[in-house]
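Chemist: This is coords35.tsv (TSV, C-alpha atoms and all ligand atoms).
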chain	number	residue	atom	x	y	z
A	1477	MET	CA	0.00	0.00	0.00
A	1478	LYS	CA	1.43	3.35	-1.05
A	1479	LEU	CA	1.00	5.93	1.71
A	1480	ALA	CA	1.74	9.63	1.22
A	1481	VAL	CA	1.79	12.91	3.10
A	1482	GLY	CA	1.06	16.12	1.21
A	1483	GLN	CA	2.56	19.39	2.38
A	1484	ILE	CA	1.20	22.82	1.31
A	1485	GLU	CA	1.22	26.46	2.36
A	1486	PRO	CA	-2.41	27.57	2.63
A	1487	GLN	CA	-3.09	31.32	2.33
A	1488	ILE	CA	-5.20	32.75	5.13
A	1489	CYS	CA	-8.86	33.06	4.03
A	1490	ASN	CA	-8.01	32.55	0.34
A	1491	VAL	CA	-10.21	29.56	-0.37
A	1492	GLU	CA	-9.80	29.71	-4.13
A	1493	GLU	CA	-6.00	29.74	-4.02
A	1494	ASN	CA	-5.99	27.01	-1.37
A	1495	LEU	CA	-8.14	24.82	-3.61
A	1496	THR	CA	-5.64	25.32	-6.44
A	1497	ARG	CA	-2.79	24.30	-4.12
A	1498	VAL	CA	-4.64	21.22	-2.91
A	1499	LYS	CA	-5.46	20.24	-6.50
A	1500	SER	CA	-1.78	20.36	-7.42
A	1501	ILE	CA	-0.97	17.98	-4.53
A	1502	LEU	CA	-3.78	15.65	-5.64
A	1503	GLU	CA	-2.36	15.63	-9.17
A	1504	GLU	CA	1.11	14.84	-7.86
A	1505	ALA	CA	-0.27	12.03	-5.71
A	1506	GLU	CA	-2.24	10.62	-8.63
A	1507	LYS	CA	0.88	10.56	-10.80
A	1508	ALA	CA	2.76	8.77	-8.01
A	1509	ASP	CA	-0.01	6.14	-7.76
A	1510	VAL	CA	-0.69	6.89	-4.11
A	1511	ASP	CA	-3.34	4.73	-2.40
A	1512	VAL	CA	-3.73	6.72	0.84
A	1513	LEU	CA	-3.01	10.44	1.16
A	1514	VAL	CA	-3.01	12.75	4.18
A	1515	LEU	CA	-3.26	16.54	3.78
A	1516	PRO	CA	-2.62	19.22	6.43
A	1517	GLU	CA	-5.06	20.67	8.96
A	1518	LEU	CA	-7.34	23.54	7.80
A	1519	CYS	CA	-6.33	23.22	4.12
A	1520	ASN	CA	-9.22	25.35	2.93
A	1521	SER	CA	-8.89	28.30	5.29
A	1522	GLY	CA	-5.41	28.80	6.67
A	1523	TYR	CA	-4.87	28.92	10.44
A	1524	VAL	CA	-4.29	32.35	12.02
A	1525	PHE	CA	-7.70	34.02	12.03
A	1526	ASN	CA	-8.11	37.53	13.46
A	1527	GLU	CA	-11.85	37.23	13.93
A	1528	ILE	CA	-14.50	34.57	13.73
A	1529	SER	CA	-15.99	35.96	10.51
A	1530	GLU	CA	-12.73	35.02	8.73
A	1531	ALA	CA	-13.09	31.41	9.85
A	1532	THR	CA	-16.82	31.33	9.05
A	1533	ASP	CA	-16.33	32.78	5.56
A	1534	SER	CA	-13.58	30.28	4.71
A	1535	ALA	CA	-15.40	27.25	6.15
A	1536	GLU	CA	-17.36	24.68	4.18
A	1537	SER	CA	-19.98	22.00	4.81
A	1538	ILE	CA	-18.72	18.46	4.50
A	1539	PRO	CA	-19.26	16.84	2.01
A	1540	GLU	CA	-21.08	19.57	0.04
A	1541	GLY	CA	-18.26	22.15	-0.09
A	1542	PRO	CA	-15.73	22.67	-2.90
A	1543	PHE	CA	-12.81	20.98	-1.11
A	1544	SER	CA	-14.94	17.98	-0.20
A	1545	LYS	CA	-16.06	17.65	-3.82
A	1546	GLU	CA	-12.49	17.75	-5.11
A	1547	LEU	CA	-11.33	15.20	-2.55
A	1548	LEU	CA	-14.32	12.95	-3.23
A	1549	ALA	CA	-13.52	13.03	-6.94
A	1550	TRP	CA	-9.86	12.20	-6.32
A	1551	SER	CA	-10.77	9.25	-4.12
A	1552	ARG	CA	-13.14	7.80	-6.73
A	1553	SER	CA	-10.48	5.70	-8.43
A	1554	GLY	CA	-9.85	3.40	-5.47
A	1555	ARG	CA	-8.10	5.80	-3.10
A	1556	LEU	CA	-8.42	7.17	0.42
A	1557	VAL	CA	-7.73	10.76	1.46
A	1558	VAL	CA	-7.82	12.48	4.85
A	1559	ALA	CA	-7.78	16.28	4.82
A	1560	GLY	CA	-8.03	18.97	7.47
A	1561	ILE	CA	-11.02	21.20	6.76
A	1562	CYS	CA	-12.45	24.26	8.49
A	1563	GLU	CA	-15.98	22.89	8.79
A	1564	ARG	CA	-19.21	24.89	8.99
A	1565	THR	CA	-22.18	23.16	10.64
A	1566	SER	CA	-25.57	24.36	11.91
A	1567	ASP	CA	-24.06	23.99	15.34
A	1568	GLY	CA	-20.92	26.12	14.76
A	1569	LEU	CA	-17.42	25.70	13.34
A	1570	TYR	CA	-15.18	22.69	13.84
A	1571	ASN	CA	-11.54	22.02	13.06
A	1572	SER	CA	-12.20	18.75	11.24
A	1573	ALA	CA	-10.56	15.94	9.33
A	1574	ALA	CA	-12.75	14.63	6.54
A	1575	VAL	CA	-12.13	11.14	5.18
A	1576	PHE	CA	-13.09	10.20	1.63
A	1577	GLY	CA	-12.62	6.78	0.02
A	1578	ASP	CA	-13.79	5.34	-3.30
A	1579	GLY	CA	-15.84	8.47	-4.00
A	1580	GLU	CA	-17.70	8.28	-0.67
A	1581	HIS	CA	-17.56	10.51	2.39
A	1582	ILE	CA	-16.59	7.94	5.03
A	1583	ILE	CA	-16.44	10.00	8.22
A	1584	THR	CA	-15.56	13.39	9.69
A	1585	TYR	CA	-13.50	13.61	12.88
A	1586	ARG	CA	-13.78	16.88	14.82
A	1587	LYS	CA	-10.65	17.90	16.70
A	1588	ILE	CA	-10.95	17.34	20.43
A	1589	HIS	CA	-7.91	19.20	21.77
A	1590	LEU	CA	-7.92	22.79	20.56
A	1591	PHE	CA	-4.62	24.71	20.56
A	1592	LEU	CA	-4.31	28.34	21.70
A	1593	ASN	CA	-6.80	30.65	19.89
A	1594	GLU	CA	-8.52	27.79	18.12
A	1595	ALA	CA	-10.96	27.75	21.04
A	1596	ASP	CA	-12.11	31.25	19.96
A	1597	TRP	CA	-13.32	29.95	16.59
A	1598	PHE	CA	-14.01	26.26	16.96
A	1599	LYS	CA	-16.11	24.03	19.15
A	1600	ALA	CA	-14.24	21.02	20.51
A	1601	GLY	CA	-15.22	17.66	19.04
A	1602	GLN	CA	-17.15	15.42	21.42
A	1603	ASP	CA	-16.61	12.04	19.77
A	1604	GLU	CA	-13.89	9.45	20.18
A	1605	PRO	CA	-11.40	9.57	17.31
A	1606	PRO	CA	-12.43	7.10	14.61
A	1607	VAL	CA	-10.84	4.06	13.02
A	1608	ILE	CA	-11.99	3.25	9.52
A	1609	GLU	CA	-11.53	0.07	7.52
A	1610	TYR	CA	-10.40	0.50	3.97
A	1611	GLU	CA	-9.17	-2.18	1.57
A	1612	GLY	CA	-8.72	-4.57	4.48
A	1613	TYR	CA	-6.57	-2.14	6.49
A	1614	ARG	CA	-7.48	-0.01	9.51
A	1615	PHE	CA	-6.72	3.70	9.70
A	1616	GLY	CA	-7.05	5.98	12.73
A	1617	VAL	CA	-7.64	9.71	12.52
A	1618	MET	CA	-6.56	12.46	14.89
A	1619	ILE	CA	-5.60	16.12	14.32
A	1620	CYS	CA	-2.40	17.97	15.18
A	1621	PHE	CA	-2.41	18.96	18.91
A	1622	ASP	CA	-4.09	15.64	19.74
A	1623	TRP	CA	-0.50	14.37	19.55
A	1624	ILE	CA	0.40	15.68	22.99
A	1625	PHE	CA	-2.26	13.50	24.62
A	1626	PRO	CA	-0.89	9.96	24.25
A	1627	GLU	CA	-4.36	8.67	25.17
A	1628	VAL	CA	-5.58	9.60	21.67
A	1629	ALA	CA	-3.08	7.47	19.76
A	1630	ARG	CA	-3.50	4.70	22.36
A	1631	VAL	CA	-7.27	4.66	21.94
A	1632	LEU	CA	-6.86	4.54	18.17
A	1633	ALA	CA	-4.38	1.66	18.48
A	1634	LEU	CA	-6.62	-0.22	20.94
A	1635	LYS	CA	-9.47	0.18	18.45
A	1636	GLY	CA	-7.30	-1.64	15.94
A	1637	SER	CA	-5.72	1.19	14.02
A	1638	GLN	CA	-2.67	0.04	12.05
A	1639	VAL	CA	-1.85	3.45	10.60
A	1640	ILE	CA	-2.60	6.81	12.26
A	1641	LEU	CA	-3.20	9.70	9.87
A	1642	PRO	CA	-2.96	13.17	11.46
A	1643	PRO	CA	-3.50	16.36	9.43
A	1644	ALA	CA	-1.42	19.05	11.19
A	1645	ASN	CA	-0.51	22.76	11.38
A	1646	LEU	CA	2.42	22.35	13.77
A	1647	VAL	CA	3.85	25.26	15.69
A	1648	LEU	CA	5.58	23.66	18.69
A	1649	PRO	CA	8.82	21.88	17.76
A	1650	TYR	CA	8.08	18.54	19.41
A	1651	CYS	CA	5.40	16.73	17.45
A	1652	GLN	CA	7.49	15.10	14.74
A	1653	ASP	CA	9.68	13.52	17.42
A	1654	ALA	CA	6.71	12.67	19.64
A	1655	MET	CA	5.10	10.73	16.81
A	1656	ILE	CA	8.13	8.44	16.83
A	1657	THR	CA	7.23	7.59	20.42
A	1658	ARG	CA	3.53	7.23	19.54
A	1659	SER	CA	4.64	4.67	16.92
A	1660	ILE	CA	6.89	2.73	19.28
A	1661	GLU	CA	4.54	2.61	22.25
A	1662	ASN	CA	1.60	1.46	20.10
A	1663	ARG	CA	3.48	-0.35	17.33
A	1664	VAL	CA	1.63	1.54	14.62
A	1665	PHE	CA	2.57	3.49	11.50
A	1666	THR	CA	1.91	7.24	11.52
A	1667	ALA	CA	1.68	9.69	8.61
A	1668	THR	CA	1.69	13.32	9.75
A	1669	ALA	CA	0.92	15.88	7.01
A	1670	ASN	CA	1.99	19.32	8.15
A	1671	ARG	CA	1.76	22.74	6.54
A	1672	ILE	CA	4.61	25.13	5.77
A	1673	GLY	CA	5.05	28.90	5.70
A	1674	THR	CA	4.64	31.86	8.04
A	1675	GLU	CA	1.15	33.28	8.47
A	1676	ARG	CA	0.56	36.57	10.34
A	1677	GLY	CA	3.84	36.02	12.19
A	1678	VAL	CA	3.21	32.36	13.09
A	1679	LYS	CA	5.74	29.93	11.61
A	1680	PHE	CA	4.71	26.37	10.77
A	1681	SER	CA	7.29	23.64	10.78
A	1682	GLY	CA	6.67	21.40	7.74
A	1683	LEU	CA	8.82	18.26	8.12
A	1684	SER	CA	5.84	16.06	7.25
A	1685	GLN	CA	6.78	12.47	7.90
A	1686	ILE	CA	5.84	8.80	7.93
A	1687	THR	CA	7.01	6.54	10.77
A	1688	ASP	CA	6.92	2.75	11.07
A	1689	ILE	CA	5.96	0.51	13.99
A	1690	LYS	CA	9.47	0.66	15.44
A	1691	GLY	CA	9.65	4.45	15.26
A	1692	ASN	CA	11.85	4.63	12.18
A	1693	ARG	CA	11.22	7.67	9.98
A	1694	LEU	CA	10.47	6.17	6.59
A	1695	CYS	CA	10.43	9.62	4.99
A	1696	GLN	CA	10.50	13.25	6.02
A	1697	MET	CA	9.98	16.37	3.93
A	1698	SER	CA	11.77	19.72	4.31
A	1699	ASN	CA	10.26	22.69	6.12
A	1700	GLY	CA	10.16	24.85	3.03
A	1701	LYS	CA	8.73	23.04	0.06
A	1702	ALA	CA	5.22	21.97	-0.94
A	1703	GLY	CA	4.74	18.53	-2.46
A	1704	ILE	CA	4.30	14.93	-1.41
A	1705	ALA	CA	6.46	12.20	0.11
A	1706	SER	CA	5.39	8.58	-0.17
A	1707	VAL	CA	6.44	5.13	0.96
A	1708	THR	CA	5.11	1.63	0.47
A	1709	ILE	CA	4.12	-0.04	3.75
A	1710	ASP	CA	2.55	-3.27	4.96
A	1711	PRO	CA	-0.01	-2.11	7.58
A	1712	MET	CA	-0.44	-5.73	8.76
A	1713	LEU	CA	2.93	-5.46	10.55
A	1714	ALA	CA	1.12	-3.28	13.09
A	1715	ASP	CA	-0.99	-6.22	14.25
A	1716	ASN	CA	2.10	-7.72	15.91
A	1717	LYS	CA	2.39	-6.03	19.31
A	1718	SER	CA	5.27	-8.17	20.53
A	1719	ILE	CA	8.36	-6.21	21.63
A	1720	THR	CA	10.47	-9.05	23.07
A	1721	ALA	CA	10.01	-12.81	23.37
A	1722	ARG	CA	8.19	-12.13	26.66
A	1723	ASN	CA	6.64	-8.72	26.20
A	1724	ASP	CA	3.68	-7.41	24.29
A	1725	VAL	CA	2.76	-3.72	24.41
A	1726	PHE	CA	-0.94	-4.48	24.66
A	1727	ALA	CA	-1.13	-7.82	26.50
A	1728	ASP	CA	1.30	-6.65	29.23
A	1729	ARG	CA	-0.76	-3.61	30.23
A	1730	PHE	CA	-2.47	-3.31	33.63
A	1731	PRO	CA	-5.44	-1.06	32.80
A	1732	GLY	CA	-6.83	-1.44	36.33
A	1733	LEU	CA	-3.77	0.47	37.59
A	1734	TYR	CA	-4.27	3.32	35.11
A	1735	THR	CA	-7.83	4.34	35.98
A	1736	ARG	CA	-6.55	7.77	37.07
A	1737	ILE	CA	-6.14	8.51	33.35
A	1738	THR	CA	-9.90	8.48	32.85
A	1739	GLN	CA	-10.79	10.46	35.97
A	1740	ASP	CA	-11.58	14.16	35.58
A	1741	ASP	CA	-9.25	15.27	38.40
A	1801	LIG	C1	-2.18	22.77	16.30
A	1801	LIG	O1	-2.87	21.97	16.92
A	1801	LIG	N1	-2.52	23.20	15.11
A	1801	LIG	C2	-0.91	23.25	16.86
Give the structure from this file in structure tokens form.

Modeler:
Amino acid sequence: MKLAVGQIEPQICNVEENLTRVKSILEEAEKADVDVLVLPELCNSGYVFNEISEATDSAESIPEGPFSKELLAWSRSGRLVVAGICERTSDGLYNSAAVFGDGEHIITYRKIHLFLNEADWFKAGQDEPPVIEYEGYRFGVMICFDWIFPEVARVLALKGSQVILPPANLVLPYCQDAMITRSIENRVFTATANRIGTERGVKFSGLSQITDIKGNRLCQMSNGKAGIASVTIDPMLADNKSITARNDVFADRFPGLYTRITQDD
């Protein structure tokens, strides 16, 4: 299975230009025969809003909006794509990841852990991050700052996720390294698609990457260039949770000793 991360520099509130940039990544991925593609967080809108009207005006309904339609069309020829979208709903705005496969809208995950000013524009998602089955493989979805809560990747792995696909707009310098740990501790692949560029003084770190179940970086992009990076992986390797002849990262857990993790205080 050919897995790819796509890296772009969205322009704040310039939906038309952002669609053009996404289309060029989709074309590149099509040429490279990619099966599964991840695109950054908030591809349609950019990230650093000054007021809520900017977010509202750039947002779209999923799957009716122009980005959704483009992604649906791309997925029609036997492909899966996960893209970060500024989502407008009757209930407010969400920082979402929409998943399209084989020309169908499979699911939308709404970001749970909002970073900095995101809480001024977006409602926090209320649903557990999803795992979807596609072509016999299982993919988990989370978004950017979810990375700092290891519970999110753990829940996805416990739900059977073999590959975790996070759209991202990374600002803090730790995520790319942290995803190596998320891979090791859960024995899963991860494919983090990050954005590049500086927007209203905020610099995003690029360095989109794919890691394997032992935490090896299979590929990593630069922090300056748009495009894709792809690798061929066997997601089934993630079903083996054995770390030594006598240790298994799932079977050796003592969940009864970790109940504090699910308490509110
Ligand atoms: C982030 O969650 N976009 C930092």

Chemist: Please identify every polymer residue within 6 Å of ligand LIG 1801 (chain A), using only C-alpha atoms and all ligand atoms, and present the set as an MDAnalysis selection string.

Modeler: chainID A and resid 1591 1620:1621 1644:1647

Chemist: Taking (9.0, 19.5, 6.5) in the coordinates of the supplied file, I want to know which residues reach to within 9 Å of it, counting all atoms listed in the file; could you give the answer as number ranges by chain?

Modeler: A: 1483, 1669-1672, 1681-1685, 1696-1702

Chemist: Between A:Ile1538, A:Ile1624, A:Leu1713, A:Ile1704, which has the minimum distance to Val1510 (chain A) (counting all atoms listed in the file)?

Modeler: A:Ile1704

Chemist: List the spatial neighbours of Gly1616 (chain A) as a PyMOL selection string - criterion: any atom at most 9 Å away, all atoms listed in the file, same-chain residues fewer than 6 positions off excluded.

Modeler: chain A and resi 1605-1608+1629+1632-1633+1635-1642

Chemist: Contacts between region 1662-1667 of chain A and region 1495-1579 of chain A, please, where a residue of region 1495-1579 of chain A counts if it comes within 12 Å (with all atoms listed in the file); show its shortest atom pair and distance in Å to one decimal, rows by chain and ascending number, as a Markdown table.

Modeler:
| residue | atom | partner | partner_atom | distance |
| --- | --- | --- | --- | --- |
| A:Val1512 | CA | A:Ala1667 | CA | 9.9 |
| A:Leu1513 | CA | A:Ala1667 | CA | 8.8 |
| A:Val1514 | CA | A:Ala1667 | CA | 7.1 |
| A:Leu1515 | CA | A:Ala1667 | CA | 9.7 |
| A:Pro1516 | CA | A:Ala1667 | CA | 10.7 |
| A:Val1557 | CA | A:Ala1667 | CA | 11.9 |
| A:Val1558 | CA | A:Ala1667 | CA | 10.6 |

Chemist: I'd like the box whose edges run along x, y and z of the file and which contains every listed atom of region 1521-1525 of chain A, padded by 6 Å per side; could you state its centre and edge lengths in Å, one decimal, as lines of an AutoDock Vina configuration file?

Modeler:
center_x = -6.6
center_y = 31.2
center_z = 8.7
size_x = 16.6
size_y = 17.7
size_z = 18.7

Chemist: Give me, as a list of chain:residue names, all polymer residues having an atom no more than 7 Å from Leu1569 (chain A), counting only C-alpha atoms and skipping those fewer than 2 positions away in the same chain.

Modeler: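 Close residues of Leu1569 (chain A): A:Glu1563, A:Arg1564, A:Thr1565, A:Asn1571, A:Trp1597, A:Phe1598, A:Lys1599.
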
Chemist: Would you mind reading off the distance between CA of Asp1603 (chain A) and CA of Val1575 (chain A), one decimal, in Å?

Modeler: 15.3 Å

Chemist: At what distance in Å, to one decimal, does CA of Val1707 (chain A) lie from CA of Cys1695 (chain A)?

Modeler: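 Distance reported for this atom pair: 7.2 Å.
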
Chemist: Near Pro1539 (chain A), within 10 Å and counting all atoms listed in the file, which residues show up once chain neighbours fewer than 6 positions away are dropped, as a ChimeraX atom specification?

Modeler: /A:1545-1548,1563,1574-1576,1580-1584

Chemist: Just checking: using all atoms listed in the file, which residue out of A:Asn1692, A:Ser1551, A:Asn1593, A:Gln1602 ends up closest to Gly1577 (chain A)?

Modeler: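 The closest residue to Gly1577 (chain A) is A:Ser1551.
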
Chemist: May I ask which of the residues A:Leu1694, A:Ile1619, A:Ala1549, A:Leu1518 is the closest one to Ala1535 (chain A), counting only C-alpha atoms?

Modeler: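 Of the candidates, the smallest distance to Ala1535 (chain A) is held by A:Leu1518.
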
Chemist: Could you add the missing atoms to region 1715-1731 of chain A, up to N, CA, C and O atoms, and return them as a PDB file, in the coordinates of the input?

Modeler:
ATOM      1  N   ASP A1715      -0.169  -5.306  13.426  1.00  0.00           N
ATOM      2  CA  ASP A1715      -0.990  -6.220  14.250  1.00  0.00           C
ATOM      3  C   ASP A1715      -0.129  -7.025  15.222  1.00  0.00           C
ATOM      4  O   ASP A1715      -0.641  -7.651  16.148  1.00  0.00           O
ATOM      5  N   ASN A1716       1.181  -7.018  15.016  1.00  0.00           N
ATOM      6  CA  ASN A1716       2.100  -7.720  15.910  1.00  0.00           C
ATOM      7  C   ASN A1716       2.571  -6.765  17.004  1.00  0.00           C
ATOM      8  O   ASN A1716       3.372  -5.874  16.760  1.00  0.00           O
ATOM      9  N   LYS A1717       2.079  -6.962  18.211  1.00  0.00           N
ATOM     10  CA  LYS A1717       2.390  -6.030  19.310  1.00  0.00           C
ATOM     11  C   LYS A1717       3.528  -6.536  20.190  1.00  0.00           C
ATOM     12  O   LYS A1717       3.777  -5.992  21.275  1.00  0.00           O
ATOM     13  N   SER A1718       4.201  -7.589  19.739  1.00  0.00           N
ATOM     14  CA  SER A1718       5.270  -8.170  20.530  1.00  0.00           C
ATOM     15  C   SER A1718       6.532  -7.296  20.460  1.00  0.00           C
ATOM     16  O   SER A1718       6.955  -6.890  19.374  1.00  0.00           O
ATOM     17  N   ILE A1719       7.123  -7.000  21.658  1.00  0.00           N
ATOM     18  CA  ILE A1719       8.360  -6.210  21.630  1.00  0.00           C
ATOM     19  C   ILE A1719       9.589  -7.022  22.041  1.00  0.00           C
ATOM     20  O   ILE A1719      10.713  -6.668  21.696  1.00  0.00           O
ATOM     21  N   THR A1720       9.395  -8.086  22.817  1.00  0.00           N
ATOM     22  CA  THR A1720      10.470  -9.050  23.070  1.00  0.00           C
ATOM     23  C   THR A1720       9.788 -10.410  23.102  1.00  0.00           C
ATOM     24  O   THR A1720       8.562 -10.496  23.004  1.00  0.00           O
ATOM     25  N   ALA A1721      10.592 -11.461  23.312  1.00  0.00           N
ATOM     26  CA  ALA A1721      10.010 -12.810  23.370  1.00  0.00           C
ATOM     27  C   ALA A1721       8.989 -12.915  24.498  1.00  0.00           C
ATOM     28  O   ALA A1721       8.087 -13.744  24.474  1.00  0.00           O
ATOM     29  N   ARG A1722       9.104 -12.019  25.512  1.00  0.00           N
ATOM     30  CA  ARG A1722       8.190 -12.130  26.660  1.00  0.00           C
ATOM     31  C   ARG A1722       7.376 -10.870  26.934  1.00  0.00           C
ATOM     32  O   ARG A1722       6.773 -10.739  27.994  1.00  0.00           O
ATOM     33  N   ASN A1723       7.392  -9.960  25.977  1.00  0.00           N
ATOM     34  CA  ASN A1723       6.640  -8.720  26.200  1.00  0.00           C
ATOM     35  C   ASN A1723       5.810  -8.321  24.983  1.00  0.00           C
ATOM     36  O   ASN A1723       6.259  -8.456  23.845  1.00  0.00           O
ATOM     37  N   ASP A1724       4.623  -7.826  25.321  1.00  0.00           N
ATOM     38  CA  ASP A1724       3.680  -7.410  24.290  1.00  0.00           C
ATOM     39  C   ASP A1724       3.084  -6.079  24.766  1.00  0.00           C
ATOM     40  O   ASP A1724       2.592  -5.989  25.894  1.00  0.00           O
ATOM     41  N   VAL A1725       3.151  -5.050  23.923  1.00  0.00           N
ATOM     42  CA  VAL A1725       2.760  -3.720  24.410  1.00  0.00           C
ATOM     43  C   VAL A1725       1.285  -3.619  24.770  1.00  0.00           C
ATOM     44  O   VAL A1725       0.892  -2.734  25.530  1.00  0.00           O
ATOM     45  N   PHE A1726       0.477  -4.502  24.259  1.00  0.00           N
ATOM     46  CA  PHE A1726      -0.940  -4.480  24.660  1.00  0.00           C
ATOM     47  C   PHE A1726      -1.225  -5.501  25.755  1.00  0.00           C
ATOM     48  O   PHE A1726      -1.803  -5.170  26.786  1.00  0.00           O
ATOM     49  N   ALA A1727      -0.779  -6.757  25.542  1.00  0.00           N
ATOM     50  CA  ALA A1727      -1.130  -7.820  26.500  1.00  0.00           C
ATOM     51  C   ALA A1727      -0.514  -7.574  27.877  1.00  0.00           C
ATOM     52  O   ALA A1727      -1.060  -8.016  28.894  1.00  0.00           O
ATOM     53  N   ASP A1728       0.610  -6.862  27.944  1.00  0.00           N
ATOM     54  CA  ASP A1728       1.300  -6.650  29.230  1.00  0.00           C
ATOM     55  C   ASP A1728       0.763  -5.453  30.021  1.00  0.00           C
ATOM     56  O   ASP A1728       1.261  -5.139  31.104  1.00  0.00           O
ATOM     57  N   ARG A1729      -0.238  -4.783  29.511  1.00  0.00           N
ATOM     58  CA  ARG A1729      -0.760  -3.610  30.230  1.00  0.00           C
ATOM     59  C   ARG A1729      -1.531  -4.036  31.484  1.00  0.00           C
ATOM     60  O   ARG A1729      -2.024  -5.159  31.567  1.00  0.00           O
ATOM     61  N   PHE A1730      -1.648  -3.113  32.440  1.00  0.00           N
ATOM     62  CA  PHE A1730      -2.470  -3.310  33.630  1.00  0.00           C
ATOM     63  C   PHE A1730      -3.483  -2.165  33.709  1.00  0.00           C
ATOM     64  O   PHE A1730      -3.326  -1.250  34.529  1.00  0.00           O
ATOM     65  N   PRO A1731      -4.512  -2.198  32.874  1.00  0.00           N
ATOM     66  CA  PRO A1731      -5.440  -1.060  32.800  1.00  0.00           C
ATOM     67  C   PRO A1731      -6.060  -0.705  34.146  1.00  0.00           C
ATOM     68  O   PRO A1731      -6.324   0.471  34.421  1.00  0.00           O
TER      69      PRO A1731
END
